[in-house]
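Enquirer: Quick one: structure below, then a few questions.
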Amino acid sequence: MEIKDILDRATNLGKPIIKDAILRLLMNKLTWILILILLLPAILGLWAYTNEQDERQVQEIGGDKIYYYDTENELAGTPIHENVRETFIDISNAFLIKFIGVLMAIMFASELINEEFNKKTIQILRTTPIRPFEIILYRYIAGVVCMFSILAVTSLIYYIITMMNAGLYGIKEESDVLFLVIKLLLLESVAYIGIFILISVYFDRPFFLGIIYWMLWEMIVSGGNYQQITVSHYLNSTLFQGLKNMGWDVSTEDFGLIKSAGDETLDLVTEPFTAAIIIAILALITVGLSARGIERRQF
Amino acid sequence: MSEVILENVTKNYGKVQGISDISVEIKPGLTGILGPNGAGKSTMMKIILGLSRPSIGRVSVMGNNPFTSWEQRKKIGFVPEYDCFYEHMSGLDYVSYFLQMHNNSLEKSDEMAKVSLRELGLGDAMDRKIRTYSRGMRQKTKIARASVFNPDIYVLDEPFQGADPSTRHLLMMKMKEWASEGKTIMISSHILHDIENLTDQIILINNGRMLASGNRHEIRNLMNNIPRQVHVTPIDSKNLRKLAKRMMDESWVRATRIDNNELIIETDSAETFYSELPRIVKKEKIKIEKINSKDDSLDSLYTKLVGGAQWK
């Protein structure tokens with residue numbers, strides 16, 4: 001009954017909240033600072049492209065132009081796309097997903113929730129007939145949409161710039177790698193926005209606590225035996241399995257997906273589908289707990 | 001029927017007491033909640049609004065617990081003391097946004113918001129960003145947001161704060177209009193003059209405790225042990241001493257004092273004073289220019305009740 005009521009009200013309530021929340025995120029100066037930082041590797045990539053485009057050979061097979069490293073390069077004879085795809089994955093994983101993505105989630109959650117506490121607009125919302133679940137849900141959706149859109153567009157830019165030397169054939173040939181990164185960015189947005197909204201609801205200094213959570217939990221615990229209680233584990237598992245399914249030569253050690261049992265180490269990989277389900281459940285739990293926090297909060 | 005009932009309500013913030021053992025029933029019409037800064041007015045309002053839960057006691061708003069009954073929030077309009085704006089929005093967007101929170105469509109919300117803002121004199125400014133608004137305009141915008149959906153109960157925390165005289169007058173007219181429609185309106189203020197002009201129904205709080213509630217005249221009558229001052233001005237100032245001496249013969253007169261052609265008489269019984277004075281002045285053949293009891297104003301009432309607490 002309650003779910004039906006929330007769905008019935010979604011058009012009138014959801015639209016203005018999501019629209020305003022996205023607008024607020026995009027008007028925030030910190031968002032633009034993060035976007036500028038995100039564009040730095042793209043600028044470097046363009047510089048690399050202009051320097052290296054003369055150092056390649058082309059072979060036309062079935063109407064497709066396939067680019068190879070030229071004879072003076074140590075990778076001579078290797079198709080360029082088979083090498084630069086690794087650069088794309090490395091930069092996406094280390095910079096986009098594990099660094100800027102987390103910072104962006106902390107910042108967005110803080111803007112969406114903590115700012116409402118600071119400006120006391122949350123008190124006005126609490127005196128209007130909107131359910132606490134609706135207050136959180138639409139802000140959560142706005143946060144996920146905004147974060148995912150910015151990161152997905154950035155990953156597309158990275159991909160094109162990284163693959164430019166490999167030509168159109170290389171761009172099309174390795175598109176699965178791009179989709180894998182986009183999938184990871186979606187999972188990351190779904191998970192982290194929920195977690196950091198939860199922190200913002202219950203604590204007064206969400207930015208600081210978010211950073212602490214990231215450093216202690218996602219960086220340290222995710223490399224140990226109990227990594228299954230971290231989001232990083234599920235993102236690493238999805239990346240590892242995705243690359244493995246594409247035929248890449250990858251090992252669990254490369255992604256820290258191992259645990260020690262006495263003198264031995266055991267693989268600790270979660271199937272991508274299971275990882276996605278766990279992240280979705282985590283998101284639902286964090287949204288639910290956040291709504292409960294708003295409901296019980298006293299001013 | 002009382003719309004708002006507080007029964008032995010106490011609210012503690014850790015070791016600090018917000019309000020203590022307040023019991024009151026608020027009926028439709030205008031009720032002033034008065035007290036100095038930090039008296040507990042805002043805490044009491046937050047409990048009525050469901051923003052805070054009593055540590056002890058029970059609160060009922062239209063028969064419901066305001067902390068848990070979110071549906072009831074359709075019927076309450078709240079104007080907080082503080083600013084609570086999305087500064088990037090225009091006044092129209094802001095009022096319309098909160099109307100949509102009442103499950104109204106965008107078109108309907110915009111239409112209703114425009115009517116309300118125009119009524120409050122913001123017709124020309126409603127498309128401007130709130131961040132450019134003056135304090136008076138902000139206050140009007142808050143009032144528009146709180147009243148646009150025609151609530152049954154208004155909770156107005158210091159609604160005249162920052163309002164210029166014309167805004168103040170306009171807001172008072174609106175409040176009187178809502179009261180005449182049978183709405184329940186609670187206004188907290190430390191500006192006594194504003195409340196005096198609006199209502200006789202008052203609740204006095206200080207240090208979290210309710211000192212008195214009811215009609216201000218009734219409250220005054222309860223204070224028999226507190227002397228009342230009446231200023232009497234004879235037409236001929238030569239009669240001041242004569243009148244002062246004569247008044248001291250009466251048992252219900254506690255003291256007299258002459259100040260600037262006025263005789264200030266302190267009496268234990270205002271009723272006896274007003275009935276006996278005409279007889280005395282007639283007998284003494286003293287013509288009186290005016291009689292003024294400043295002591296009947298809320299100012300002196302509060303000063304006495306709160307023991308000289310400082311007002312902002």
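Ordering of the structure tokens sets the chain letters (A, B, ...); residue numbers start at 1 within each chain; ligands are numbered from 1 in the order shown.
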Please report as an NGL selection string which residues of chain B come no farther than 10 Å from chain A, using only C-alpha atoms.
Expert: :B and (43 or 46-47 or 49-53 or 66-80 or 82-89 or 93 or 96-106 or 109 or 145-146)
Enquirer: Could you take the residues named above and write them with C-alpha atoms, as a CSV table (one decimal), in the first residue's frame?
Expert:
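Dumped to out08.csv:
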chain,number,residue,atom,x,y,z
B,43,THR,CA,11.2,24.1,21.7
B,46,LYS,CA,9.1,22.1,17.5
B,47,ILE,CA,7.3,19.6,19.7
B,49,LEU,CA,5.3,20.4,14.8
B,50,GLY,CA,6.7,16.9,15.4
B,51,LEU,CA,10.3,18.1,14.9
B,52,SER,CA,11.1,17.1,18.4
B,53,ARG,CA,9.7,14.5,20.8
B,66,PRO,CA,2.8,15.0,15.6
B,67,PHE,CA,6.2,13.1,15.7
B,68,THR,CA,4.8,10.0,14.0
B,69,SER,CA,1.8,11.2,12.0
B,70,TRP,CA,3.3,12.6,8.8
B,71,GLU,CA,-0.2,12.8,7.1
B,72,GLN,CA,-1.2,15.4,9.6
B,73,ARG,CA,1.5,17.6,8.2
B,74,LYS,CA,-0.8,18.4,5.3
B,75,LYS,CA,-2.7,20.6,7.8
B,76,ILE,CA,0.1,22.6,9.4
B,77,GLY,CA,1.9,25.6,8.1
B,78,PHE,CA,5.2,26.5,9.8
B,79,VAL,CA,7.1,29.7,9.6
B,80,PRO,CA,10.5,29.3,11.4
B,82,TYR,CA,15.5,31.2,11.0
B,83,ASP,CA,16.1,31.4,7.2
B,84,CYS,CA,15.4,28.1,5.5
B,85,PHE,CA,15.7,28.7,1.8
B,86,TYR,CA,17.1,27.1,-1.3
B,87,GLU,CA,18.9,30.4,-2.1
B,88,HIS,CA,19.3,29.4,-5.8
B,89,MET,CA,15.6,29.3,-6.3
B,93,ASP,CA,10.1,28.2,-7.5
B,96,SER,CA,5.9,26.0,-5.8
B,97,TYR,CA,8.5,23.4,-4.8
B,98,PHE,CA,6.9,22.9,-1.3
B,99,LEU,CA,3.4,22.8,-2.8
B,100,GLN,CA,4.6,19.9,-5.0
B,101,MET,CA,5.7,18.2,-1.7
B,102,HIS,CA,1.9,18.3,-1.0
B,103,ASN,CA,1.5,16.1,-4.1
B,104,ASN,CA,0.3,18.9,-6.4
B,105,SER,CA,1.3,19.1,-10.0
B,106,LEU,CA,3.8,21.7,-11.2
B,109,SER,CA,1.6,24.6,-7.7
B,145,ARG,CA,5.1,28.9,1.7
B,146,ALA,CA,3.4,28.2,5.0
Enquirer: Could you list, as an MDAnalysis selection string, every residue within 12 Å of range 8-10 of chain B, counting only C-alpha atoms and ignoring same-chain residues fewer than 5 positions away?
Expert: chainID B and resid 16:25 40 43:45 47:48 52:60 208:210
Enquirer: Find the residues near Thr238 in chain A: any atom within 10 Å, counting only C-alpha atoms, skip ones fewer than 4 places away on the same chain, and give them as a PDB file with N, CA and C atoms, in the first residue's frame.
Expert:
ATOM      1  N   LEU A 180      32.544  -2.449 -19.730  1.00  0.00           N
ATOM      2  CA  LEU A 180      32.868  -3.015 -18.415  1.00  0.00           C
ATOM      3  C   LEU A 180      33.144  -1.884 -17.407  1.00  0.00           C
ATOM      4  N   VAL A 181      33.907  -0.890 -17.851  1.00  0.00           N
ATOM      5  CA  VAL A 181      34.203   0.246 -16.957  1.00  0.00           C
ATOM      6  C   VAL A 181      32.916   0.998 -16.622  1.00  0.00           C
ATOM      7  N   LYS A 183      29.942  -0.202 -16.505  1.00  0.00           N
ATOM      8  CA  LYS A 183      29.193  -1.052 -15.560  1.00  0.00           C
ATOM      9  C   LYS A 183      29.740  -0.859 -14.131  1.00  0.00           C
ATOM     10  N   LEU A 184      31.073  -0.831 -14.028  1.00  0.00           N
ATOM     11  CA  LEU A 184      31.693  -0.630 -12.717  1.00  0.00           C
ATOM     12  C   LEU A 184      31.336   0.736 -12.133  1.00  0.00           C
ATOM     13  N   LEU A 187      27.836   0.549 -10.746  1.00  0.00           N
ATOM     14  CA  LEU A 187      27.819  -0.170  -9.468  1.00  0.00           C
ATOM     15  C   LEU A 187      28.418   0.692  -8.357  1.00  0.00           C
ATOM     16  N   SER A 232      34.725  -2.339  -2.445  1.00  0.00           N
ATOM     17  CA  SER A 232      35.868  -2.534  -3.346  1.00  0.00           C
ATOM     18  C   SER A 232      35.982  -3.990  -3.806  1.00  0.00           C
ATOM     19  N   HIS A 233      35.710  -4.918  -2.911  1.00  0.00           N
ATOM     20  CA  HIS A 233      35.811  -6.334  -3.268  1.00  0.00           C
ATOM     21  C   HIS A 233      34.889  -6.675  -4.442  1.00  0.00           C
ATOM     22  N   TYR A 234      33.660  -6.166  -4.368  1.00  0.00           N
ATOM     23  CA  TYR A 234      32.692  -6.503  -5.418  1.00  0.00           C
ATOM     24  C   TYR A 234      33.026  -5.798  -6.735  1.00  0.00           C
ATOM     25  N   GLY A 242      35.147  -9.794 -15.506  1.00  0.00           N
ATOM     26  CA  GLY A 242      34.861  -9.197 -16.808  1.00  0.00           C
ATOM     27  C   GLY A 242      36.043  -9.335 -17.744  1.00  0.00           C
ATOM     28  N   LEU A 243      37.241  -9.017 -17.245  1.00  0.00           N
ATOM     29  CA  LEU A 243      38.444  -9.096 -18.068  1.00  0.00           C
ATOM     30  C   LEU A 243      38.758 -10.553 -18.423  1.00  0.00           C
ATOM     31  N   LYS A 244      38.537 -11.425 -17.438  1.00  0.00           N
ATOM     32  CA  LYS A 244      38.803 -12.852 -17.663  1.00  0.00           C
ATOM     33  C   LYS A 244      37.878 -13.390 -18.766  1.00  0.00           C
ATOM     34  N   VAL A 269      36.871 -14.618  -5.048  1.00  0.00           N
ATOM     35  CA  VAL A 269      36.219 -13.868  -6.127  1.00  0.00           C
ATOM     36  C   VAL A 269      34.708 -14.062  -6.048  1.00  0.00           C
ATOM     37  N   THR A 270      33.976 -12.989  -6.193  1.00  0.00           N
ATOM     38  CA  THR A 270      32.512 -13.073  -6.228  1.00  0.00           C
ATOM     39  C   THR A 270      32.059 -12.929  -7.673  1.00  0.00           C
ATOM     40  N   GLU A 271      31.084 -13.745  -8.041  1.00  0.00           N
ATOM     41  CA  GLU A 271      30.555 -13.684  -9.416  1.00  0.00           C
ATOM     42  C   GLU A 271      29.934 -12.294  -9.671  1.00  0.00           C
ATOM     43  N   PRO A 272      30.115 -11.743 -10.870  1.00  0.00           N
ATOM     44  CA  PRO A 272      29.590 -10.394 -11.155  1.00  0.00           C
ATOM     45  C   PRO A 272      28.097 -10.221 -10.871  1.00  0.00           C
ATOM     46  N   PHE A 273      27.304 -11.251 -11.214  1.00  0.00           N
ATOM     47  CA  PHE A 273      25.856 -11.131 -10.978  1.00  0.00           C
ATOM     48  C   PHE A 273      25.575 -11.040  -9.470  1.00  0.00           C
ATOM     49  N   THR A 274      26.256 -11.917  -8.715  1.00  0.00           N
ATOM     50  CA  THR A 274      26.082 -11.888  -7.251  1.00  0.00           C
ATOM     51  C   THR A 274      26.559 -10.543  -6.702  1.00  0.00           C
ATOM     52  N   ALA A 275      27.671 -10.044  -7.236  1.00  0.00           N
ATOM     53  CA  ALA A 275      28.204  -8.751  -6.783  1.00  0.00           C
ATOM     54  C   ALA A 275      27.179  -7.640  -7.016  1.00  0.00           C
ATOM     55  N   ALA A 276      26.545  -7.674  -8.195  1.00  0.00           N
ATOM     56  CA  ALA A 276      25.546  -6.644  -8.521  1.00  0.00           C
ATOM     57  C   ALA A 276      24.351  -6.740  -7.569  1.00  0.00           C
TER      58      ALA A 276
END
Enquirer: Kindly assemble as JSON lines a list of the range 131-222 of chain A residues that lie within 12 Å of range 248-262 of chain A, each paired with its nearest atom pair and their distance in Å to one decimal, using only C-alpha atoms, sorted first by chain and then by ascending residue number.
Expert:
{"residue": "A:Glu174", "atom": "CA", "partner": "A:Trp248", "partner_atom": "CA", "distance": 11.8}
{"residue": "A:Asp176", "atom": "CA", "partner": "A:Trp248", "partner_atom": "CA", "distance": 12.0}
{"residue": "A:Val177", "atom": "CA", "partner": "A:Trp248", "partner_atom": "CA", "distance": 10.6}
{"residue": "A:Met219", "atom": "CA", "partner": "A:Gly256", "partner_atom": "CA", "distance": 10.9}
{"residue": "A:Ile220", "atom": "CA", "partner": "A:Gly256", "partner_atom": "CA", "distance": 11.0}
{"residue": "A:Val221", "atom": "CA", "partner": "A:Gly256", "partner_atom": "CA", "distance": 10.9}
{"residue": "A:Ser222", "atom": "CA", "partner": "A:Gly256", "partner_atom": "CA", "distance": 7.9}
Enquirer: Restrict the selected residues to C-alpha atoms and save them as a compact mmCIF listing (two decimals), in the first residue's frame.
Expert:
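As written to disk, selection_29.txt reads:
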# COMPACT_ATOMS: atom_id res chain seq x y z
CA GLU A 174 37.71 -2.96 -27.54
CA ASP A 176 33.61 -4.30 -24.33
CA VAL A 177 36.32 -2.85 -22.10
CA MET A 219 41.59 0.71 1.25
CA ILE A 220 42.80 -1.43 4.14
CA VAL A 221 40.04 -3.97 4.81
CA SER A 222 39.52 -4.57 1.08
Enquirer: With only C-alpha atoms as the counted atoms, please give the residues lying no more than 9 Å from Phe88 in chain A, apart from itself and same-chain residues fewer than 5 positions off, as a list in words.
Expert: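 Counting only C-alpha atoms, the residues come to Asn93, Ser155, Tyr158, Tyr159, Thr162, Met163, Val177 and Leu178 of chain A.
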Enquirer: Mind dumping the selected residues with N, CA and C atoms as a compact mmCIF listing (two decimals), in the first residue's frame?
Expert:
# COMPACT_ATOMS: atom_id res chain seq x y z
N ASN A 93 40.48 2.32 -13.49
CA ASN A 93 40.37 1.65 -12.19
C ASN A 93 41.04 2.48 -11.08
N SER A 155 34.70 8.53 -18.73
CA SER A 155 35.31 7.27 -19.17
C SER A 155 35.25 7.14 -20.69
N TYR A 158 38.02 9.31 -21.98
CA TYR A 158 39.29 8.60 -21.77
C TYR A 158 39.47 7.51 -22.82
N TYR A 159 38.39 6.77 -23.04
CA TYR A 159 38.45 5.62 -23.95
C TYR A 159 38.80 6.08 -25.37
N THR A 162 42.37 7.40 -25.45
CA THR A 162 43.35 6.31 -25.31
C THR A 162 43.42 5.48 -26.60
N MET A 163 42.26 5.31 -27.21
CA MET A 163 42.18 4.41 -28.37
C MET A 163 42.41 5.12 -29.71
N VAL A 177 35.56 -3.35 -23.25
CA VAL A 177 36.32 -2.85 -22.10
C VAL A 177 35.66 -1.56 -21.59
N LEU A 178 35.21 -0.72 -22.52
CA LEU A 178 34.52 0.51 -22.13
C LEU A 178 33.23 0.17 -21.38
Enquirer: With only C-alpha atoms as the atoms that count, which of A:Glu82, A:Thr230, A:Asp5, A:Glu188 lies nearest to Leu216 in chain A?
Expert: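 Smallest distance to Leu216 in chain A is found for A:Thr230.
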Enquirer: Which of these residues is nearest to Met112 in chain B, using only C-alpha atoms: B:Asn239, B:Ser188, B:Ser90, B:Ser147?
Expert: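 Of the candidates, the smallest distance to Met112 in chain B is held by B:Ser147.
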Enquirer: When you look at Ile195 in chain B with a cut-off of 9 Å (counting only C-alpha atoms), what residues show up, excluding the ones that are within fewer than 3 positions of it in the same chain? I need them as JSON, numbers by chain.
Expert: {"B": [31, 32, 33, 34, 187, 188, 189, 190, 191, 192, 198, 199, 200, 202, 298]}
Enquirer: Can I get the selected residues back with C-alpha atoms, as a PDB file, in the first residue's frame?
Expert:
ATOM      1  CA  THR B  31      -2.571  32.482  20.636  1.00  0.00           C
ATOM      2  CA  GLY B  32       0.589  34.348  21.503  1.00  0.00           C
ATOM      3  CA  ILE B  33       3.483  32.396  22.977  1.00  0.00           C
ATOM      4  CA  LEU B  34       5.610  34.911  24.776  1.00  0.00           C
ATOM      5  CA  ILE B 187       2.650  33.050  17.265  1.00  0.00           C
ATOM      6  CA  SER B 188       5.790  33.177  19.294  1.00  0.00           C
ATOM      7  CA  SER B 189       7.386  36.520  19.870  1.00  0.00           C
ATOM      8  CA  HIS B 190       9.459  38.539  22.239  1.00  0.00           C
ATOM      9  CA  ILE B 191       8.044  41.746  20.766  1.00  0.00           C
ATOM     10  CA  LEU B 192       5.164  42.281  23.099  1.00  0.00           C
ATOM     11  CA  LEU B 198      -3.195  40.648  17.655  1.00  0.00           C
ATOM     12  CA  THR B 199      -4.585  38.721  20.560  1.00  0.00           C
ATOM     13  CA  ASP B 200      -5.505  38.614  24.216  1.00  0.00           C
ATOM     14  CA  ILE B 202      -1.419  34.330  25.571  1.00  0.00           C
ATOM     15  CA  LEU B 298       1.916  43.088  28.433  1.00  0.00           C
TER      16      LEU B 298
END
Enquirer: With a distance cut-off of 9 Å and only C-alpha atoms, select the neighbouring residues of range 95-106 of chain A, excluding the residue or stretch itself and same-chain residues fewer than 3 positions from it, and output the selection as a ChimeraX atom specification.
Expert: /A:30-31,34,37-38,90-92,109-111,143-144,147-148,151,154-155,181,184-185,188-189,192-197,200,206-207,210-211,214,232
Enquirer: Enter the distance from CA of Arg131 in chain B to CA of Ala144 in chain B, in Å, rounded to one decimal.
Expert: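 Calculated distance between CA of Arg131 in chain B and CA of Ala144 in chain B is 16.7 Å.
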Enquirer: Using only C-alpha atoms, which of A:Val84, A:Leu268, A:Val190, A:Tyr213 sits nearest Asn236 in chain A?
Expert: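 Smallest separation from Asn236 in chain A among the options: A:Leu268.
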Enquirer: For Leu277 in chain B, work out the shell of residues within 12 Å, counting only C-alpha atoms and skipping chain neighbours fewer than 5 positions away, then give it as an MDAnalysis selection string.
Expert: chainID B and resid 230 232 243:244 246:247 250 252:253 265 267 269:272 282:288 291
Enquirer: Only C-alpha atoms, please: the residues just picked out, written as a compact mmCIF listing (two decimals), in the first residue's frame.
Expert:
# COMPACT_ATOMS: atom_id res chain seq x y z
CA VAL B 230 -2.14 53.99 37.27
CA VAL B 232 -3.54 60.16 36.78
CA LEU B 243 -4.82 64.24 45.27
CA ALA B 244 -1.74 62.29 46.31
CA ARG B 246 -6.08 62.07 49.63
CA MET B 247 -5.35 58.80 47.84
CA GLU B 250 -7.39 54.66 51.02
CA TRP B 252 -6.14 49.83 48.57
CA VAL B 253 -3.51 52.41 47.63
CA ILE B 265 -0.71 55.59 42.03
CA THR B 267 -2.85 50.00 43.88
CA SER B 269 -6.99 46.42 43.48
CA ALA B 270 -7.52 47.99 40.10
CA GLU B 271 -11.21 47.24 40.24
CA THR B 272 -11.70 49.21 43.49
CA LYS B 282 -15.73 64.66 42.53
CA LYS B 283 -15.71 65.16 46.28
CA GLU B 284 -12.30 66.89 46.20
CA LYS B 285 -13.38 68.96 43.17
CA ILE B 286 -10.35 67.91 41.14
CA LYS B 287 -10.77 67.75 37.39
CA ILE B 288 -8.89 64.96 35.69
CA ILE B 291 -6.08 58.30 33.38
Enquirer: Please extract the residues of range 41-159 of chain B with a backbone DSSP assignment of strand (DSSP E) and present them as a list in words.
Expert: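 Everything in range 41-159 of chain B that counts as strand (DSSP E) is Ile56, Gly57, Arg58, Val59, Ser60, Val61, Ile76, Gly77, Phe78, Val79, Ile153, Tyr154, Val155, Leu156 and Asp157 of chain B.
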Enquirer: For the selection you just gave me, I'd like the residues written to a file as a compact mmCIF listing (two decimals), in the first residue's frame, keeping N, CA and C atoms.
Expert:
# COMPACT_ATOMS: atom_id res chain seq x y z
N ILE B 56 9.32 13.76 28.39
CA ILE B 56 8.25 13.30 29.28
C ILE B 56 6.97 13.99 28.82
N GLY B 57 5.84 13.34 29.00
CA GLY B 57 4.57 13.98 28.70
C GLY B 57 4.01 13.57 27.35
N ARG B 58 2.90 14.17 27.02
CA ARG B 58 2.19 13.78 25.80
C ARG B 58 1.77 15.04 25.02
N VAL B 59 1.87 14.92 23.71
CA VAL B 59 1.42 16.05 22.87
C VAL B 59 0.47 15.50 21.82
N SER B 60 -0.58 16.24 21.58
CA SER B 60 -1.57 15.82 20.60
C SER B 60 -1.94 17.01 19.72
N VAL B 61 -1.84 16.81 18.42
CA VAL B 61 -2.23 17.85 17.47
C VAL B 61 -3.34 17.27 16.60
N ILE B 76 -0.62 21.60 8.60
CA ILE B 76 0.13 22.55 9.43
C ILE B 76 1.06 23.42 8.58
N GLY B 77 0.97 24.71 8.78
CA GLY B 77 1.88 25.64 8.12
C GLY B 77 2.87 26.19 9.13
N PHE B 78 4.15 26.13 8.79
CA PHE B 78 5.19 26.50 9.76
C PHE B 78 6.06 27.62 9.21
N VAL B 79 6.18 28.67 9.98
CA VAL B 79 7.13 29.75 9.63
C VAL B 79 8.22 29.75 10.71
N ILE B 153 -3.76 24.71 10.88
CA ILE B 153 -2.97 25.17 12.03
C ILE B 153 -1.73 25.93 11.51
N TYR B 154 -1.49 27.07 12.10
CA TYR B 154 -0.30 27.84 11.76
C TYR B 154 0.63 27.89 12.97
N VAL B 155 1.88 27.58 12.75
CA VAL B 155 2.87 27.70 13.82
C VAL B 155 3.89 28.74 13.34
N LEU B 156 3.84 29.92 13.93
CA LEU B 156 4.64 31.04 13.43
C LEU B 156 5.65 31.45 14.50
N ASP B 157 6.90 31.15 14.24
CA ASP B 157 7.95 31.44 15.22
C ASP B 157 8.58 32.80 14.87
